[in-house]
Amino acid sequence: MTIASITITKNEERNIVACLESLRWVDEVIVVDAESTDRTVELAKTYTPHVFVRPWPGYGPQKNFAMEQTVADWIFIVDADERASSELRDEIAALLKNDGPAVAYRMPRKNFYYGCWIRGAGQYPDPQLRLFRRGHGRYNDLAVHEHLEVDGPVGDLRGHLDHHTHPTVVSHEMKIERYSTLAAQERIRSGKPDAAWYHLLFNPVWTFVKFYLLRGGYRDGLPGFVVSGFSAAHVLLKYAKLWEQAHGTQSR
């Protein structure tokens with residue numbers, strides 16, 4: 001059985017080399033770039049000739065396009081800021097030699113914030129559905145937190161992905177700003193544009209309590225506190241942007 005990796009990129013010159021270096025063992029490496037203005041494409045081409053540059057259509061459609069470029073039996077989705085661990089590599093290699101009934105597999109993911117592995121705050125094991133038999137999976141078209149939909153049994157692997165998500169607090173802040181906008185747009189698109197005062201007051205507080213206390217963010221010290229705080233900030237910004245949208249509409 002053969003395997004292809006797919007990675008979508010946009011200005012990922014800081015991450016792409018380490019990502020593709022961890023995927024040297026796959027049979028086919030596919031990179032789809034959304035018109036980067038840095039050296040992402042140049043660096044990716046040193047690892048694979050299968051680099052496609054096209055305008056950004058959204059997370060799901062971009063990944064679906066990447067899947068369509070593969071010919072391998074299995075597809076492994078890896079984000080540019082992720083690395084396939086040696087344990088995961090060996091486990092997948094064994095899986096390809098002894099095919100089982102599952103058409104897709106989940107794997108745990110280690111999330112690194114500010115150089116630290118965050119074990120609490122809902123950040124581990126953070127299972128990700130990323131490996132599937134070609135033709136048995138496709139991404140939906142949600143603006144944020146898109147997910148892979150598969151048609152068959154799903155198994156679980158023990159090897160993990162390393163996710164170097166935010167090297168600095170500033171990079172985390174920038175992502176929260178972008179993702180909260182996408183989350184607000186998705187809520188509007190799904191017919192839920194309401195944002196009352198109690199959403200802005202209670203939902204962020206509950207989010208912080210849930211991640212910091214109930215899900216063990218406190219065990220990671222100050223980084224765990226900051227990660228939990230940013231989770232709450234994401235919720236606050238999402239509802240604030242929904243409120244702004246409704247308020248602006250009413251004003252006109």
# chains A, B, ... in the order shown; residues from 1 in each chain; ligands from 1

call {"tool": "closest_atom_pairs", "arguments": {"of": "segment 147-251 of chain A", "to": "segment 15-26 of chain A", "cutoff": "12 Å", "atoms": "only C-alpha atoms", "output": "CSV"}}
result
residue,atom,partner,partner_atom,distance
A:Leu161,CA,A:Ser22,CA,10.2
A:Asp162,CA,A:Cys19,CA,9.7
A:His163,CA,A:Cys19,CA,9.9
A:His164,CA,A:Asn15,CA,8.7
A:Thr165,CA,A:Asn15,CA,10.0
A:His166,CA,A:Asn15,CA,11.2
A:Pro167,CA,A:Asn15,CA,10.9

call {"tool": "select_by_dssp", "arguments": {"residues": "segment 134-232 of chain A", "states": "strand (DSSP E)", "output": "list in words"}}
result
Gly137, Arg138, Tyr139, Leu148, Glu149, Val150, Val154, Gly155, Asp156, Leu161, Asp162, His163, His164, Thr165 and His166 of chain A

call {"tool": "residues_around", "arguments": {"residues": "Glu12 of chain A", "least_positions_apart": "4", "cutoff": "12 Å", "atoms": "only C-alpha atoms", "output": "VMD selection string"}}
result
chain A and resid 7 to 8 16 to 20 31 to 44 79 to 82 165

call {"tool": "write_last_selection", "arguments": {"atoms": "C-alpha atoms", "output": "short mmCIF file (atom, residue, chain, number, x, y, z; two decimals), in the first residue's frame"}}
result
data_model
loop_
_atom_site.label_atom_id
_atom_site.label_comp_id
_atom_site.auth_asym_id
_atom_site.auth_seq_id
_atom_site.Cartn_x
_atom_site.Cartn_y
_atom_site.Cartn_z
CA THR A 7 -0.21 20.07 3.20
CA ILE A 8 -1.84 23.42 2.48
CA ILE A 16 7.41 24.19 5.87
CA VAL A 17 10.94 22.75 5.94
CA ALA A 18 10.50 21.01 9.32
CA CYS A 19 7.07 19.77 8.25
CA LEU A 20 8.23 18.23 4.97
CA VAL A 31 1.68 20.90 -1.26
CA VAL A 32 -1.05 23.36 -2.23
CA ASP A 33 -0.10 26.98 -1.65
CA ALA A 34 -2.48 29.95 -1.48
CA GLU A 35 -0.26 32.43 -3.33
CA SER A 36 2.34 32.97 -0.61
CA THR A 37 4.45 36.12 -0.75
CA ASP A 38 7.40 34.59 1.14
CA ARG A 39 9.69 31.64 0.25
CA THR A 40 7.17 28.89 1.04
CA VAL A 41 6.81 27.66 -2.55
CA GLU A 42 10.54 27.82 -3.21
CA LEU A 43 11.32 25.79 -0.09
CA ALA A 44 8.54 23.26 -0.74
CA ASP A 79 -0.64 21.04 8.49
CA ALA A 80 2.42 23.17 7.83
CA ASP A 81 3.01 23.79 11.55
CA GLU A 82 2.81 20.06 12.36
CA THR A 165 0.98 26.09 16.88
#

call {"tool": "closest_residue", "arguments": {"among": "A:Val51, A:Val29, A:Met1, A:Ile118", "to": "Gly217 of chain A", "atoms": "only C-alpha atoms"}}
result
A:Ile118

call {"tool": "residues_around", "arguments": {"residues": "Val209 of chain A", "least_positions_apart": "3", "cutoff": "12 Å", "atoms": "only C-alpha atoms", "output": "PyMOL selection string"}}
result
chain A and resi 121-122+202-206+212-218+225+228-229+231-232

call {"tool": "residues_around", "arguments": {"residues": "Pro223 of chain A", "least_positions_apart": "4", "cutoff": "8 Å", "atoms": "only C-alpha atoms", "output": "PDB file with C-alpha atoms, in the first residue's frame"}}
result
ATOM      1  CA  TYR A 113       2.531  26.975  22.828  1.00  0.00           C
ATOM      2  CA  TYR A 114       5.376  29.460  23.418  1.00  0.00           C
ATOM      3  CA  CYS A 116       6.014  24.467  25.890  1.00  0.00           C
ATOM      4  CA  ILE A 118       0.572  22.056  26.989  1.00  0.00           C
ATOM      5  CA  VAL A 227      -3.754  29.487  26.731  1.00  0.00           C
TER       6      VAL A 227
END

call {"tool": "residues_around", "arguments": {"residues": "Phe76 of chain A", "least_positions_apart": "6", "cutoff": "9 Å", "atoms": "only C-alpha atoms", "output": "ChimeraX atom specification"}}
result
/A:3-7,26,130-133

call {"tool": "atom_distance", "arguments": {"atom1": "atom CA of Gly224 of chain A", "atom2": "atom CA of Glu177 of chain A"}}
result
19.5 Å

call {"tool": "residues_around", "arguments": {"residues": "Leu148 of chain A", "least_positions_apart": "3", "cutoff": "12 Å", "atoms": "only C-alpha atoms", "output": "mmCIF file with C-alpha atoms, in the first residue's frame"}}
result
data_model
loop_
_atom_site.group_PDB
_atom_site.id
_atom_site.type_symbol
_atom_site.label_atom_id
_atom_site.label_comp_id
_atom_site.auth_asym_id
_atom_site.auth_seq_id
_atom_site.Cartn_x
_atom_site.Cartn_y
_atom_site.Cartn_z
ATOM 1 C CA TYR A 59 -9.815 25.398 4.288
ATOM 2 C CA GLY A 60 -12.065 22.525 3.243
ATOM 3 C CA PRO A 61 -12.043 23.201 -0.519
ATOM 4 C CA LYS A 63 -7.687 20.356 1.203
ATOM 5 C CA ASN A 64 -10.172 18.626 -1.086
ATOM 6 C CA MET A 67 -6.629 15.186 -2.182
ATOM 7 C CA ILE A 75 -3.828 10.039 2.318
ATOM 8 C CA PHE A 76 -2.189 11.649 5.349
ATOM 9 C CA ILE A 77 -3.170 15.273 6.105
ATOM 10 C CA ALA A 104 -9.560 6.077 8.460
ATOM 11 C CA TYR A 105 -7.523 6.648 11.619
ATOM 12 C CA ARG A 106 -7.364 9.211 14.407
ATOM 13 C CA GLN A 128 -7.144 14.303 14.948
ATOM 14 C CA LEU A 129 -8.707 12.358 12.078
ATOM 15 C CA ARG A 130 -5.926 12.672 9.502
ATOM 16 C CA LEU A 131 -5.251 9.341 7.803
ATOM 17 C CA PHE A 132 -7.732 7.711 5.449
ATOM 18 C CA HIS A 136 -13.329 7.421 1.536
ATOM 19 C CA GLY A 137 -13.069 10.956 2.945
ATOM 20 C CA ARG A 138 -13.784 14.572 2.124
ATOM 21 C CA TYR A 139 -13.711 17.841 4.053
ATOM 22 C CA ASN A 140 -16.811 19.894 4.672
ATOM 23 C CA ASP A 141 -16.903 23.608 3.845
ATOM 24 C CA LEU A 142 -17.033 25.261 7.281
ATOM 25 C CA HIS A 145 -12.737 24.114 12.279
ATOM 26 C CA ASP A 151 -17.652 6.710 5.042
ATOM 27 C CA VAL A 154 -12.436 4.631 12.074
#

call {"tool": "atom_distance", "arguments": {"atom1": "atom CA of His234 of chain A", "atom2": "atom CA of Lys10 of chain A"}}
result
22.0 Å

call {"tool": "closest_residue", "arguments": {"among": "A:Leu96, A:Ala66, A:Met107, A:Ile176", "to": "Asp27 of chain A", "atoms": "only C-alpha atoms"}}
result
A:Leu96

call {"tool": "closest_residue", "arguments": {"among": "A:His199, A:Lys45, A:Arg14, A:Lys110", "to": "Lys241 of chain A", "atoms": "only C-alpha atoms"}}
result
A:His199

call {"tool": "closest_residue", "arguments": {"among": "A:Lys97, A:Leu157, A:Thr181, A:Ala233", "to": "Gln245 of chain A", "atoms": "only C-alpha atoms"}}
result
A:Thr181

call {"tool": "atom_distance", "arguments": {"atom1": "atom CA of Pro57 of chain A", "atom2": "atom CA of Leu182 of chain A"}}
result
13.5 Å

call {"tool": "closest_residue", "arguments": {"among": "A:Leu88, A:Ile30, A:Ala246, A:Val169", "to": "Pro108 of chain A", "atoms": "only C-alpha atoms"}}
result
A:Leu88

call {"tool": "select_by_dssp", "arguments": {"residues": "segment 19-220 of chain A", "states": "alpha helix (DSSP H)", "output": "number ranges by chain"}}
result
A: 19-21, 40-44, 59-68, 86-97, 169-189, 197-209

call {"tool": "closest_residue", "arguments": {"among": "A:Gly159, A:Gly120, A:Gly221, A:Gly135", "to": "Asp73 of chain A", "atoms": "only C-alpha atoms"}}
result
A:Gly135
